[in-house]
>>> print(open('model.tsv').read())   # TSV, C-alpha atoms and all ligand atoms
chain	number	residue	atom	x	y	z
A	1417	MET	CA	100.37	123.16	142.25
A	1418	ALA	CA	101.18	121.79	138.79
A	1419	ASP	CA	103.46	118.81	138.78
A	1420	GLU	CA	106.83	119.87	137.23
A	1421	SER	CA	107.20	116.51	135.48
A	1422	GLN	CA	103.99	117.15	133.50
A	1423	LYS	CA	105.40	120.22	131.77
A	1424	TRP	CA	107.65	118.90	129.06
A	1425	VAL	CA	106.77	118.26	125.42
A	1426	LEU	CA	109.05	116.52	122.95
A	1427	MET	CA	108.40	117.10	119.22
A	1428	VAL	CA	109.59	115.85	115.86
A	1429	THR	CA	108.65	117.17	112.39
A	1430	ALA	CA	109.11	115.27	109.12
A	1431	GLN	CA	108.23	115.78	105.47
A	1432	THR	CA	107.37	113.02	103.00
A	1433	PRO	CA	106.61	113.20	99.26
A	1434	THR	CA	103.66	111.62	97.53
A	1435	ASN	CA	103.98	109.00	94.79
A	1436	ILE	CA	101.92	108.35	91.68
A	1437	ALA	CA	101.45	104.83	90.34
A	1438	VAL	CA	102.19	104.17	86.68
A	1439	ILE	CA	101.03	100.55	87.09
A	1440	LYS	CA	98.23	100.78	89.61
A	1441	TYR	CA	97.32	98.95	92.79
A	1442	TRP	CA	93.56	98.41	92.94
A	1443	GLY	CA	92.15	95.62	95.11
A	1444	LYS	CA	93.10	93.92	98.38
A	1445	ARG	CA	93.32	90.29	99.36
A	1446	ASP	CA	93.62	91.22	103.06
A	1447	GLU	CA	91.85	94.38	104.28
A	1448	ASN	CA	93.49	94.55	107.71
A	1449	LEU	CA	97.13	93.94	106.76
A	1450	ILE	CA	96.56	95.74	103.43
A	1451	LEU	CA	97.83	93.14	101.00
A	1452	ALA	CA	97.29	93.83	97.28
A	1453	ILE	CA	95.97	91.56	94.53
A	1454	ASN	CA	98.66	92.76	92.10
A	1455	ASP	CA	102.13	94.33	92.06
A	1456	SER	CA	102.34	98.07	91.33
A	1457	ILE	CA	105.02	100.56	90.23
A	1458	SER	CA	105.11	104.25	91.07
A	1459	VAL	CA	107.27	107.33	90.77
A	1460	THR	CA	107.94	109.39	93.88
A	1461	LEU	CA	107.45	113.12	93.35
A	1462	ASP	CA	109.85	115.84	94.35
A	1463	PRO	CA	109.11	116.60	98.03
A	1464	ALA	CA	109.62	120.30	97.33
A	1465	HIS	CA	106.29	120.36	95.50
A	1466	LEU	CA	103.73	117.81	96.70
A	1467	CYS	CA	104.29	116.62	100.22
A	1468	THR	CA	102.95	116.05	103.69
A	1469	THR	CA	104.46	117.74	106.73
A	1470	THR	CA	103.73	116.05	110.04
A	1471	THR	CA	104.65	117.06	113.57
A	1472	VAL	CA	104.33	114.48	116.35
A	1473	ALA	CA	104.55	115.44	119.99
A	1474	VAL	CA	104.65	113.48	123.23
A	1475	SER	CA	104.04	114.77	126.74
A	1476	PRO	CA	102.98	113.21	130.05
A	1477	ALA	CA	100.25	115.87	130.03
A	1478	PHE	CA	98.49	114.21	127.04
A	1479	ASN	CA	95.85	111.75	128.18
A	1480	GLN	CA	94.94	110.30	124.77
A	1481	ASP	CA	96.33	109.99	121.24
A	1482	ARG	CA	94.91	112.77	119.03
A	1483	MET	CA	95.43	113.89	115.46
A	1484	TRP	CA	94.67	117.01	113.40
A	1485	LEU	CA	94.69	116.81	109.61
A	1486	ASN	CA	94.95	120.16	107.79
A	1487	GLY	CA	93.93	121.88	111.03
A	1488	LYS	CA	90.83	119.76	111.75
A	1489	GLU	CA	90.74	117.04	114.38
A	1490	ILE	CA	90.18	113.54	112.95
A	1491	SER	CA	89.39	110.29	114.72
A	1492	LEU	CA	92.24	107.86	115.28
A	1493	SER	CA	89.85	105.02	116.07
A	1494	GLY	CA	90.13	103.48	112.57
A	1495	GLY	CA	92.14	100.27	112.32
A	1496	ARG	CA	94.78	101.73	110.01
A	1497	TYR	CA	95.86	104.51	112.41
A	1498	GLN	CA	95.79	102.08	115.33
A	1499	ASN	CA	97.87	99.51	113.41
A	1500	CYS	CA	100.57	102.10	112.63
A	1501	LEU	CA	100.67	103.44	116.19
A	1502	ARG	CA	100.82	99.94	117.68
A	1503	GLU	CA	103.59	98.73	115.34
A	1504	ILE	CA	105.76	101.79	115.98
A	1505	ARG	CA	105.17	101.77	119.75
A	1506	ALA	CA	106.19	98.11	119.86
A	1507	ARG	CA	109.60	99.11	118.45
A	1508	ALA	CA	110.18	102.23	120.58
A	1509	ASN	CA	113.49	102.71	122.39
A	1510	ASP	CA	114.89	104.84	125.19
A	1511	VAL	CA	114.97	108.57	124.39
A	1512	GLU	CA	117.03	111.13	126.22
A	1513	ASP	CA	117.07	114.91	125.76
A	1514	GLU	CA	119.74	116.19	128.13
A	1515	LYS	CA	119.06	119.89	127.45
A	1516	LYS	CA	115.42	119.56	128.41
A	1517	GLY	CA	116.18	117.01	131.12
A	1518	ILE	CA	113.85	114.44	129.56
A	1519	LYS	CA	114.38	110.71	129.84
A	1520	ILE	CA	111.85	108.29	128.38
A	1521	THR	CA	112.46	104.57	128.76
A	1522	LYS	CA	111.26	101.88	126.36
A	1523	LYS	CA	108.63	100.87	128.91
A	1524	ASP	CA	107.34	104.46	129.32
A	1525	TRP	CA	106.13	104.56	125.70
A	1526	GLU	CA	103.36	102.06	126.54
A	1527	ASN	CA	101.67	104.71	128.71
A	1528	LEU	CA	102.58	107.92	126.89
A	1529	HIS	CA	100.20	109.49	124.37
A	1530	VAL	CA	100.99	111.41	121.20
A	1531	HIS	CA	99.46	114.40	119.45
A	1532	VAL	CA	99.87	114.57	115.67
A	1533	ALA	CA	99.42	117.60	113.39
A	1534	SER	CA	99.66	116.94	109.67
A	1535	TYR	CA	99.34	119.19	106.62
A	1536	ASN	CA	99.21	118.27	102.95
A	1537	ASN	CA	100.38	121.05	100.63
A	1538	PHE	CA	98.10	119.65	97.90
A	1539	PRO	CA	94.43	118.53	97.75
A	1540	THR	CA	93.51	115.82	100.27
A	1541	ALA	CA	91.46	112.79	99.17
A	1542	ALA	CA	91.30	114.06	95.58
A	1543	GLY	CA	93.32	111.40	93.77
A	1544	LEU	CA	96.80	112.80	94.31
A	1545	ALA	CA	97.79	110.09	96.80
A	1546	SER	CA	97.42	112.07	100.03
A	1547	SER	CA	97.05	108.78	101.89
A	1548	ALA	CA	100.47	107.70	100.55
A	1549	ALA	CA	102.36	110.80	101.66
A	1550	GLY	CA	100.24	111.04	104.82
A	1551	PHE	CA	100.80	107.56	106.24
A	1552	ALA	CA	104.45	107.43	105.15
A	1553	CYS	CA	105.02	110.69	107.01
A	1554	LEU	CA	103.05	109.59	110.08
A	1555	VAL	CA	105.08	106.40	110.42
A	1556	TYR	CA	108.38	108.12	109.70
A	1557	SER	CA	107.85	110.94	112.21
A	1558	LEU	CA	106.58	108.59	114.95
A	1559	ALA	CA	109.61	106.37	114.38
A	1560	LYS	CA	111.94	109.35	114.79
A	1561	LEU	CA	110.14	110.51	117.95
A	1562	MET	CA	110.27	107.06	119.52
A	1563	ASN	CA	113.86	106.39	118.43
A	1564	VAL	CA	112.87	103.34	116.39
A	1565	GLN	CA	116.01	101.78	114.92
A	1566	GLU	CA	114.41	99.82	112.08
A	1567	ASP	CA	115.41	100.46	108.46
A	1568	ASN	CA	113.20	101.99	105.75
A	1569	GLY	CA	112.05	98.50	104.72
A	1570	MET	CA	110.35	97.92	108.06
A	1571	LEU	CA	108.92	101.47	108.16
A	1572	SER	CA	107.56	100.93	104.65
A	1573	ALA	CA	105.84	97.69	105.75
A	1574	ILE	CA	104.24	99.54	108.66
A	1575	ALA	CA	103.17	102.46	106.42
A	1576	ARG	CA	101.54	99.87	104.12
A	1577	GLN	CA	99.21	98.99	106.99
A	1578	GLY	CA	98.07	102.64	107.00
A	1579	SER	CA	97.51	102.90	103.25
A	1580	GLY	CA	98.80	100.45	100.63
A	1581	SER	CA	100.27	103.15	98.38
A	1582	ALA	CA	102.18	104.63	101.38
A	1583	CYS	CA	104.71	101.78	101.37
A	1584	ARG	CA	106.16	103.20	98.14
A	1585	SER	CA	106.66	106.75	99.50
A	1586	LEU	CA	109.57	105.79	101.78
A	1587	TYR	CA	111.83	105.64	98.71
A	1588	GLY	CA	112.65	108.10	95.91
A	1589	GLY	CA	112.72	107.36	92.16
A	1590	PHE	CA	110.71	104.48	90.71
A	1591	VAL	CA	109.47	101.99	93.28
A	1592	LYS	CA	107.77	98.61	92.98
A	1593	TRP	CA	105.38	97.25	95.61
A	1594	VAL	CA	105.64	93.46	95.41
A	1595	MET	CA	102.27	92.01	96.43
A	1596	GLY	CA	103.87	88.93	98.02
A	1597	LYS	CA	102.34	85.52	98.69
A	1598	GLU	CA	102.52	85.07	102.47
A	1599	GLU	CA	99.34	85.39	104.53
A	1600	ASN	CA	101.12	87.41	107.22
A	1601	GLY	CA	102.32	89.99	104.66
A	1602	SER	CA	106.02	89.43	105.39
A	1603	ASP	CA	106.89	89.46	101.66
A	1604	SER	CA	104.53	92.29	100.68
A	1605	ILE	CA	107.17	95.00	100.45
A	1606	ALA	CA	108.25	98.05	98.48
A	1607	VAL	CA	111.46	97.71	96.48
A	1608	PRO	CA	113.29	100.70	94.99
A	1609	LEU	CA	113.91	100.07	91.27
A	1610	VAL	CA	116.01	103.09	90.27
A	1611	ASP	CA	116.74	106.30	92.14
A	1612	GLU	CA	115.58	109.79	91.08
A	1613	LYS	CA	118.80	110.47	89.13
A	1614	HIS	CA	118.32	107.51	86.78
A	1615	TRP	CA	115.75	109.24	84.54
A	1616	ASP	CA	116.05	112.87	85.47
A	1617	GLU	CA	114.96	114.38	82.12
A	1618	LEU	CA	111.35	113.47	82.97
A	1619	VAL	CA	109.24	116.44	84.11
A	1620	ILE	CA	106.01	115.79	85.98
A	1621	ILE	CA	103.16	118.28	85.79
A	1622	ILE	CA	100.03	117.94	87.87
A	1623	ALA	CA	96.92	119.54	86.43
A	1624	VAL	CA	94.47	120.07	89.26
A	1625	VAL	CA	91.05	119.72	87.66
A	1626	CYS	CA	89.13	119.69	90.92
A	1627	SER	CA	90.50	119.82	94.45
A	1628	ARG	CA	87.27	118.72	96.15
A	1629	GLN	CA	87.27	115.53	98.21
A	1630	LYS	CA	86.19	112.56	96.10
A	1631	GLU	CA	82.88	110.83	96.79
A	1632	THR	CA	84.32	107.32	96.92
A	1633	SER	CA	87.55	106.83	98.87
A	1634	SER	CA	90.18	104.55	97.35
A	1635	THR	CA	89.62	102.05	100.15
A	1636	SER	CA	85.88	101.62	99.58
A	1637	GLY	CA	86.19	102.00	95.81
A	1638	MET	CA	88.60	99.09	95.48
A	1639	ARG	CA	86.56	96.98	97.89
A	1640	GLU	CA	83.47	97.45	95.72
A	1641	THR	CA	85.46	96.66	92.57
A	1642	VAL	CA	86.79	93.39	94.02
A	1643	GLU	CA	83.28	92.44	95.12
A	1644	THR	CA	81.43	93.27	91.90
A	1645	SER	CA	83.68	93.67	88.84
A	1646	ALA	CA	83.90	90.80	86.37
A	1647	LEU	CA	87.02	92.35	84.84
A	1648	ILE	CA	89.21	92.88	87.93
A	1649	GLU	CA	90.44	89.28	88.15
A	1650	HIS	CA	91.55	89.34	84.52
A	1651	ARG	CA	93.37	92.63	85.15
A	1652	ALA	CA	95.11	91.46	88.33
A	1653	LYS	CA	96.09	87.98	87.13
A	1654	GLU	CA	96.63	88.33	83.38
A	1655	VAL	CA	97.29	91.95	82.45
A	1656	VAL	CA	99.27	93.52	85.30
A	1657	PRO	CA	101.93	90.79	85.73
A	1658	LYS	CA	102.98	91.24	82.07
A	1659	ARG	CA	102.89	95.03	82.33
A	1660	ILE	CA	105.07	94.99	85.45
A	1661	ILE	CA	107.83	93.13	83.58
A	1662	GLN	CA	107.57	95.45	80.55
A	1663	MET	CA	107.46	98.57	82.71
A	1664	GLU	CA	110.55	97.59	84.69
A	1665	GLU	CA	112.41	97.10	81.42
A	1666	ALA	CA	111.17	100.42	79.97
A	1667	ILE	CA	112.32	102.25	83.11
A	1668	GLN	CA	115.74	100.58	83.10
A	1669	LYS	CA	116.24	101.50	79.42
A	1670	ARG	CA	114.59	104.92	79.72
A	1671	ASP	CA	112.36	103.86	76.82
A	1672	PHE	CA	109.82	106.69	76.86
A	1673	ALA	CA	107.59	105.31	74.07
A	1674	THR	CA	106.99	101.99	75.89
A	1675	PHE	CA	106.74	103.80	79.22
A	1676	THR	CA	104.01	106.08	77.82
A	1677	HIS	CA	102.10	103.25	76.18
A	1678	LEU	CA	102.05	101.21	79.43
A	1679	THR	CA	101.32	104.16	81.74
A	1680	CYS	CA	98.35	105.45	79.70
A	1681	ALA	CA	96.96	101.95	79.08
A	1682	ASP	CA	97.15	101.09	82.77
A	1683	SER	CA	95.45	104.30	83.85
A	1684	ASN	CA	92.68	103.71	81.32
A	1685	GLN	CA	92.20	100.09	82.39
A	1686	PHE	CA	92.05	101.09	86.04
A	1687	HIS	CA	89.25	103.55	85.23
A	1688	ALA	CA	87.56	100.87	83.11
A	1689	VAL	CA	87.39	98.49	86.09
A	1690	CYS	CA	85.98	101.37	88.15
A	1691	LEU	CA	83.26	101.72	85.53
A	1692	ASP	CA	82.76	97.94	85.64
A	1693	THR	CA	82.05	98.19	89.39
A	1694	SER	CA	78.46	98.09	90.62
A	1695	PRO	CA	77.39	100.81	91.18
A	1696	PRO	CA	79.94	102.30	88.74
A	1697	ILE	CA	82.61	104.63	90.12
A	1698	PHE	CA	83.42	107.77	88.11
A	1699	TYR	CA	86.72	109.23	89.21
A	1700	MET	CA	87.45	111.20	86.05
A	1701	ASN	CA	85.23	114.01	84.74
A	1702	ASP	CA	84.77	115.72	81.37
A	1703	THR	CA	87.86	117.87	81.84
A	1704	SER	CA	89.95	114.77	82.62
A	1705	HIS	CA	88.66	113.18	79.41
A	1706	ARG	CA	89.49	116.30	77.41
A	1707	ILE	CA	93.05	116.25	78.78
A	1708	ILE	CA	93.41	112.63	77.64
A	1709	SER	CA	92.18	113.49	74.12
A	1710	CYS	CA	94.48	116.48	73.92
A	1711	VAL	CA	97.57	114.43	74.91
A	1712	GLU	CA	96.61	111.46	72.71
A	1713	LYS	CA	96.19	113.72	69.65
A	1714	TRP	CA	99.47	115.48	70.27
A	1715	ASN	CA	101.40	112.24	70.80
A	1716	ARG	CA	99.95	110.80	67.58
A	1717	SER	CA	100.71	113.92	65.54
A	1718	GLU	CA	104.33	113.93	66.73
A	1719	GLY	CA	104.89	110.28	65.82
A	1720	THR	CA	106.85	109.72	69.02
A	1721	PRO	CA	105.12	110.24	72.38
A	1722	GLN	CA	105.90	113.48	74.22
A	1723	VAL	CA	103.76	113.06	77.32
A	1724	ALA	CA	102.32	110.18	79.36
A	1725	TYR	CA	99.14	110.73	81.36
A	1726	THR	CA	97.87	108.91	84.40
A	1727	PHE	CA	94.88	109.53	86.68
A	1728	ASP	CA	94.62	108.03	90.15
A	1729	ALA	CA	91.33	107.69	92.00
A	1730	GLY	CA	90.27	111.27	91.22
A	1731	PRO	CA	89.86	113.68	88.27
A	1732	ASN	CA	93.33	115.26	88.49
A	1733	ALA	CA	95.86	114.62	85.75
A	1734	VAL	CA	99.45	113.58	86.33
A	1735	LEU	CA	101.34	114.34	83.14
A	1736	ILE	CA	104.85	113.00	82.65
A	1737	ALA	CA	106.75	114.82	79.91
A	1738	ARG	CA	109.77	113.21	78.22
A	1739	ASN	CA	111.92	116.31	78.82
A	1740	ARG	CA	111.82	120.06	79.53
A	1741	THR	CA	111.03	121.00	75.94
A	1742	SER	CA	107.98	118.71	75.85
A	1743	ALA	CA	106.94	119.97	79.29
A	1744	ALA	CA	107.04	123.62	78.11
A	1745	LEU	CA	105.02	122.71	75.00
A	1746	LEU	CA	102.56	120.79	77.16
A	1747	LEU	CA	102.01	123.79	79.41
A	1748	GLN	CA	101.37	125.95	76.35
A	1749	ARG	CA	98.79	123.47	75.12
A	1750	LEU	CA	97.11	123.25	78.50
A	1751	LEU	CA	96.90	127.03	78.74
A	1752	PHE	CA	95.43	127.20	75.23
A	1753	HIS	CA	92.81	124.46	75.71
A	1754	PHE	CA	91.98	125.26	79.34
A	1755	PRO	CA	92.40	129.04	79.59
A	1756	PRO	CA	92.79	130.60	83.03
A	1757	ASN	CA	89.56	132.03	84.48
A	1758	SER	CA	87.42	129.97	82.11
A	1759	GLU	CA	85.02	127.25	83.24
A	1760	THR	CA	87.72	124.63	82.89
A	1761	ASP	CA	90.52	126.66	84.47
A	1762	LEU	CA	93.30	124.37	85.59
A	1763	ASN	CA	95.26	125.12	88.70
A	1764	SER	CA	98.51	123.65	87.41
A	1765	TYR	CA	101.36	122.74	89.64
A	1766	VAL	CA	104.69	122.64	87.89
A	1767	ILE	CA	106.81	119.89	89.28
A	1768	GLY	CA	110.53	119.66	88.90
A	1769	ASP	CA	111.39	123.05	87.56
A	1770	LYS	CA	109.75	126.38	88.39
A	1771	SER	CA	111.50	128.20	85.55
A	1772	LEU	CA	109.34	126.27	83.07
A	1773	MET	CA	106.59	128.85	83.45
A	1774	GLU	CA	109.10	131.58	82.57
A	1775	ASP	CA	110.19	129.57	79.49
A	1776	ILE	CA	106.71	129.76	78.03
A	1777	GLY	CA	106.19	133.40	78.97
A	1801	LIG	P1	94.03	109.98	98.04
A	1801	LIG	O1	93.69	109.79	96.59
A	1801	LIG	O2	94.25	111.43	98.35
A	1801	LIG	O3	95.13	109.10	98.52
A	1801	LIG	P2	92.38	108.24	99.67
A	1801	LIG	O4	90.92	107.99	99.57
A	1801	LIG	O5	93.28	107.12	99.33
A	1801	LIG	O6	92.68	109.54	98.82
A	1801	LIG	O7	92.78	108.63	101.15
A	1801	LIG	C1	92.35	109.82	101.77
A	1801	LIG	C2	92.47	109.61	103.25
A	1801	LIG	O8	93.84	109.46	103.63
A	1801	LIG	C3	91.99	110.79	104.07
A	1801	LIG	O9	90.59	110.78	104.22
A	1801	LIG	C4	92.72	110.54	105.39
A	1801	LIG	O10	92.06	109.54	106.13
A	1801	LIG	C5	94.05	109.95	104.93
A	1801	LIG	N1	95.07	111.01	104.89
A	1801	LIG	C6	95.22	111.98	103.95
A	1801	LIG	N2	96.24	112.80	104.28
A	1801	LIG	C7	96.74	112.35	105.45
A	1801	LIG	C8	97.79	112.77	106.30
A	1801	LIG	N3	98.54	113.83	106.00
A	1801	LIG	N4	98.03	112.07	107.43
A	1801	LIG	C9	97.29	110.99	107.74
A	1801	LIG	N5	96.27	110.54	106.98
A	1801	LIG	C10	95.99	111.20	105.85
A	1802	LIG	C1	94.52	104.44	92.34
A	1802	LIG	O1	96.69	103.22	98.77
A	1802	LIG	O2	94.93	105.01	98.63
A	1802	LIG	O3	96.11	105.49	93.77
A	1802	LIG	O4	95.35	101.02	100.67
A	1802	LIG	O5	92.93	101.53	100.86
A	1802	LIG	O6	94.60	103.25	101.54
A	1802	LIG	P1	94.30	102.09	100.64
A	1802	LIG	O7	94.25	102.68	99.16
A	1802	LIG	P2	95.31	103.61	98.41
A	1802	LIG	O8	94.98	103.21	96.89
A	1802	LIG	C2	95.70	103.78	95.85
A	1802	LIG	C3	95.05	103.48	94.56
A	1802	LIG	C4	95.63	104.22	93.37
A	1802	LIG	C5	96.73	103.42	92.69
A	1802	LIG	C6	98.07	103.34	93.38
A	1802	LIG	O9	98.48	104.26	94.09
A	1802	LIG	O10	98.76	102.32	93.15
A	1803	CO	CO	95.19	107.03	98.60
>>> encode(input="model.tsv", output="C-alpha cells")
Amino acid sequence: MADESQKWVLMVTAQTPTNIAVIKYWGKRDENLILAINDSISVTLDPAHLCTTTTVAVSPAFNQDRMWLNGKEISLSGGRYQNCLREIRARANDVEDEKKGIKITKKDWENLHVHVASYNNFPTAAGLASSAAGFACLVYSLAKLMNVQEDNGMLSAIARQGSGSACRSLYGGFVKWVMGKEENGSDSIAVPLVDEKHWDELVIIIAVVCSRQKETSSTSGMRETVETSALIEHRAKEVVPKRIIQMEEAIQKRDFATFTHLTCADSNQFHAVCLDTSPPIFYMNDTSHRIISCVEKWNRSEGTPQVAYTFDAGPNAVLIARNRTSAALLLQRLLFHFPPNSETDLNSYVIGDKSLMEDIG
C-alpha cells in the first residue's frame, strides 16, 4: 500500500523579466563564482513581454532533482545549477502548509528533492538574455519554496553564480553589476541605479532576426575571448570604466544623445572583441548589420538621435527609442526595410506599449 506521507507535493511559481546590457559584461576572472572583468549596466525589460516563468515543486516522492526547460528535460549536473541549488538549500527554513497538513523542517530540506519546470516566452540561447531571466527566476522561485528569508541582494548574488547577467534581473529599471575586487565575490553585486519610473518615455523594441540557438554560448564565447583576444584587456581596463561613469550620468540626467552614443559604441566594441577572438565569433548577421546602418542613417539625418541599438551575444536587435513617437517611426522604418514575408522578415516584439502597432496602422 502506498505510504500516505509520500503523496503530497508543494509548488511555487514565479515570473522574472530579462535584462539587456547597455554597457556589456564580457569576460570572467573567476569561472566558478562568476566574477566579471568589468562592471556592466543593464535595463530590465517589462516582465509582461519578455520573461521566464518557473514552477518549482517538492515532494517526498521525488528521488532526485530534475529540471525541464521549455518542456525538455535538461541535466542539472553542471556547476552553475548545483551552485544555485546548494546556496538556496543552505538558507532554507521551516515551511508549514496547514491546509495540506504539510510540515517541512529546516533539516528536511537536505534530503528532499525538487522538480523544476521553466518556460521562456522568447527565444532561448539566442542573445536575448534567457540565462539572465532563467537563473534569476530559478533562484527566486526556489527561495520562495524553501522560505528563504534573505533579501534581493543575497538572491542576486546567488543568481550571479548561475549566470553573471542574472544578478541584474532581480531589480527593475537600470541596474549596475559592480565587478568587485574580493576573491570570494562578496563585493561582486548588482546595484539598482534608478527604478523603471525614472525614464519612462523610453520604448524598447526587440527585432527578432533569428530565434535559433546560437552556435557559441555566452559562457564559452567570453572564455575564448579572454584567452585569445589582444583587445579585451584594453576594453575591460581602459574603455569600460570611463563608459560606466558617463553612462550613469546620462541615465541620471535622461540625456538620450549621450545614452545612445555610449550604448551603440559599447555594443559595437563588444562585437569587435568577439571578432578579435580566435577563432572569431560572429554573433551578428547581415540583417543585424542592416539594422545598424538603418538606425545610424536615421539618427544622423535627424541631427539628434532617435533610437539606440544594442546586440547581445546573438543576431537579435534591441532598439531603445527616445519616446513613443520615435518608436512608431522606427516600426514604420523596420516594416519598410524588412517587409513581412520577405527573406528578412522580422518577428518584432513591441515592448512597453501594444497600441504602438495600432498607431502606425
Ligand atoms: P542567452 O543569450 O539567451 O542568455 P546564454 O548562452 O547566455 O544565452 O545562455 C543560454 C543557457 O541558459 C541555456 O542553454 C540554459 O542552460 C540556460 N537557460 C536559459 N533559459 C533558462 C531558464 N529558463 N532556466 C534555467 N536556465 C536557463
Ligand atoms: C553579451 O551572463 O549569459 O549578454 O555568466 O557565462 O552565464 P554567463 O554569461 P551571460 O553573459 C552575458 C553577456 C552579454 C552582456 C551582458 O548581459 O552584460
Ligand atoms: Co546569457
>>> residues_near_ligand(input="model.tsv", ligand="ligand LIG 1801 (chain A)", cutoff="6 Å", atoms="all atoms listed in the file", output="JSON, numbers by chain")
{"A": [1468, 1534, 1535, 1536, 1540, 1541, 1542, 1543, 1544, 1545, 1546, 1547, 1548, 1550, 1551, 1633, 1634, 1729]}
>>> atom_distance(input="model.tsv", atom1="atom CA of A:Lys1515", atom2="atom CA of A:Gln1565")
22.2 Å
>>> atom_distance(input="model.tsv", atom1="atom CA of A:Glu1631", atom2="atom P1 of ligand LIG 1802 (chain A)")
14.9 Å
>>> residues_near_point(input="model.tsv", point="(109.8, 106.6, 67.8)", cutoff="12 Å", atoms="all atoms listed in the file", output="list in words")
Asp1671, Phe1672, Ala1673, Thr1674, Thr1676, His1677, Asn1715, Arg1716, Ser1717, Glu1718, Gly1719, Thr1720, Pro1721 and Gln1722 of chain A
>>> residues_near_point(input="model.tsv", point="(106.1, 107.0, 93.7)", cutoff="9 Å", atoms="all atoms listed in the file", output="tab-separated table (two decimals) with C-alpha atoms, in the coordinates of the input")
chain	number	residue	atom	x	y	z
A	1433	PRO	CA	106.61	113.20	99.26
A	1434	THR	CA	103.66	111.62	97.53
A	1435	ASN	CA	103.98	109.00	94.79
A	1436	ILE	CA	101.92	108.35	91.68
A	1437	ALA	CA	101.45	104.83	90.34
A	1438	VAL	CA	102.19	104.17	86.68
A	1457	ILE	CA	105.02	100.56	90.23
A	1458	SER	CA	105.11	104.25	91.07
A	1459	VAL	CA	107.27	107.33	90.77
A	1460	THR	CA	107.94	109.39	93.88
A	1461	LEU	CA	107.45	113.12	93.35
A	1548	ALA	CA	100.47	107.70	100.55
A	1581	SER	CA	100.27	103.15	98.38
A	1582	ALA	CA	102.18	104.63	101.38
A	1584	ARG	CA	106.16	103.20	98.14
A	1585	SER	CA	106.66	106.75	99.50
A	1586	LEU	CA	109.57	105.79	101.78
A	1587	TYR	CA	111.83	105.64	98.71
A	1588	GLY	CA	112.65	108.10	95.91
A	1589	GLY	CA	112.72	107.36	92.16
A	1590	PHE	CA	110.71	104.48	90.71
A	1591	VAL	CA	109.47	101.99	93.28
A	1592	LYS	CA	107.77	98.61	92.98
>>> residues_around(input="model.tsv", residues="A:Asn1684", least_positions_apart="2", cutoff="12 Å", atoms="all atoms listed in the file", output="VMD selection string")
chain A and resid 1438 to 1440 1651 1677 to 1682 1686 to 1691 1699 to 1700 1704 to 1705 1708 1724 to 1729
>>> residues_around(input="model.tsv", residues="A:Val1428", least_positions_apart="3", cutoff="6 Å", atoms="all atoms listed in the file", output="list of chain:residue names")
A:Thr1471, A:Val1472, A:Leu1561
>>> closest_residue(input="model.tsv", among="A:Arg1749, A:Lys1560, A:Arg1505, A:His1529", to="A:Gln1431", atoms="all atoms listed in the file")
A:Lys1560
>>> axis_aligned_box(input="model.tsv", around="ligand LIG 1802 (chain A)", padding_each_side="3 Å", output="JSON")
{"center_x": 95.8, "center_y": 103.3, "center_z": 96.9, "size_x": 11.8, "size_y": 10.5, "size_z": 15.2}
>>> closest_residue(input="model.tsv", among="A:Leu1745, A:Cys1583, A:Ile1622, A:Ile1504", to="ligand CO 1803 (chain A)", atoms="all atoms listed in the file")
A:Cys1583
>>> closest_residue(input="model.tsv", among="A:Ser1491, A:Gln1577, A:Gln1498, A:Gln1480", to="ligand LIG 1802 (chain A)", atoms="all atoms listed in the file")
A:Gln1577
>>> closest_residue(input="model.tsv", among="A:Ser1742, A:Ser1493, A:Asn1563, A:Thr1703", to="A:Ala1508", atoms="only C-alpha atoms")
A:Asn1563
>>> closest_residue(input="model.tsv", among="A:Met1427, A:Ala1549, A:Ile1490, A:Leu1647", to="ligand CO 1803 (chain A)", atoms="all atoms listed in the file")
A:Ala1549
>>> atom_distance(input="model.tsv", atom1="atom CA of A:Gln1629", atom2="atom CA of A:Met1595")
28.0 Å
>>> closest_residue(input="model.tsv", among="A:Val1734, A:Ile1707, A:Met1638, A:Ala1666", to="ligand CO 1803 (chain A)", atoms="only C-alpha atoms and all ligand atoms")
A:Met1638
>>> residues_around(input="model.tsv", residues="A:Trp1615", least_positions_apart="5", cutoff="9 Å", atoms="all atoms listed in the file", output="ChimeraX atom specification")
/A:1589,1610,1667-1668,1670
>>> residues_around(input="model.tsv", residues="A:Val1655", least_positions_apart="4", cutoff="10 Å", atoms="all atoms listed in the file", output="list in words")
Asn1454, Ile1648, Glu1649, His1650, Arg1651, Arg1659, Ile1660, Asp1682 and Gln1685 of chain A
>>> build_atoms(input="model.tsv", residues="stretch 1544-1551 of chain A", atoms="N, CA and C atoms", output="CSV table (one decimal), in the frame of the given file")
chain,number,residue,atom,x,y,z
A,1544,LEU,N,95.4,112.5,94.5
A,1544,LEU,CA,96.8,112.8,94.3
A,1544,LEU,C,97.6,112.1,95.4
A,1545,ALA,N,97.1,111.0,95.9
A,1545,ALA,CA,97.8,110.1,96.8
A,1545,ALA,C,98.1,110.8,98.1
A,1546,SER,N,97.2,111.5,98.7
A,1546,SER,CA,97.4,112.1,100.0
A,1546,SER,C,97.6,111.0,101.1
A,1547,SER,N,96.9,109.9,100.9
A,1547,SER,CA,97.0,108.8,101.9
A,1547,SER,C,98.5,108.2,101.8
A,1548,ALA,N,99.1,108.2,100.7
A,1548,ALA,CA,100.5,107.7,100.6
A,1548,ALA,C,101.5,108.6,101.3
A,1549,ALA,N,101.4,109.9,101.0
A,1549,ALA,CA,102.4,110.8,101.7
A,1549,ALA,C,102.0,110.9,103.1
A,1550,GLY,N,100.7,110.9,103.5
A,1550,GLY,CA,100.2,111.0,104.8
A,1550,GLY,C,100.7,109.9,105.8
A,1551,PHE,N,100.4,108.7,105.4
A,1551,PHE,CA,100.8,107.6,106.2
A,1551,PHE,C,102.3,107.3,106.3
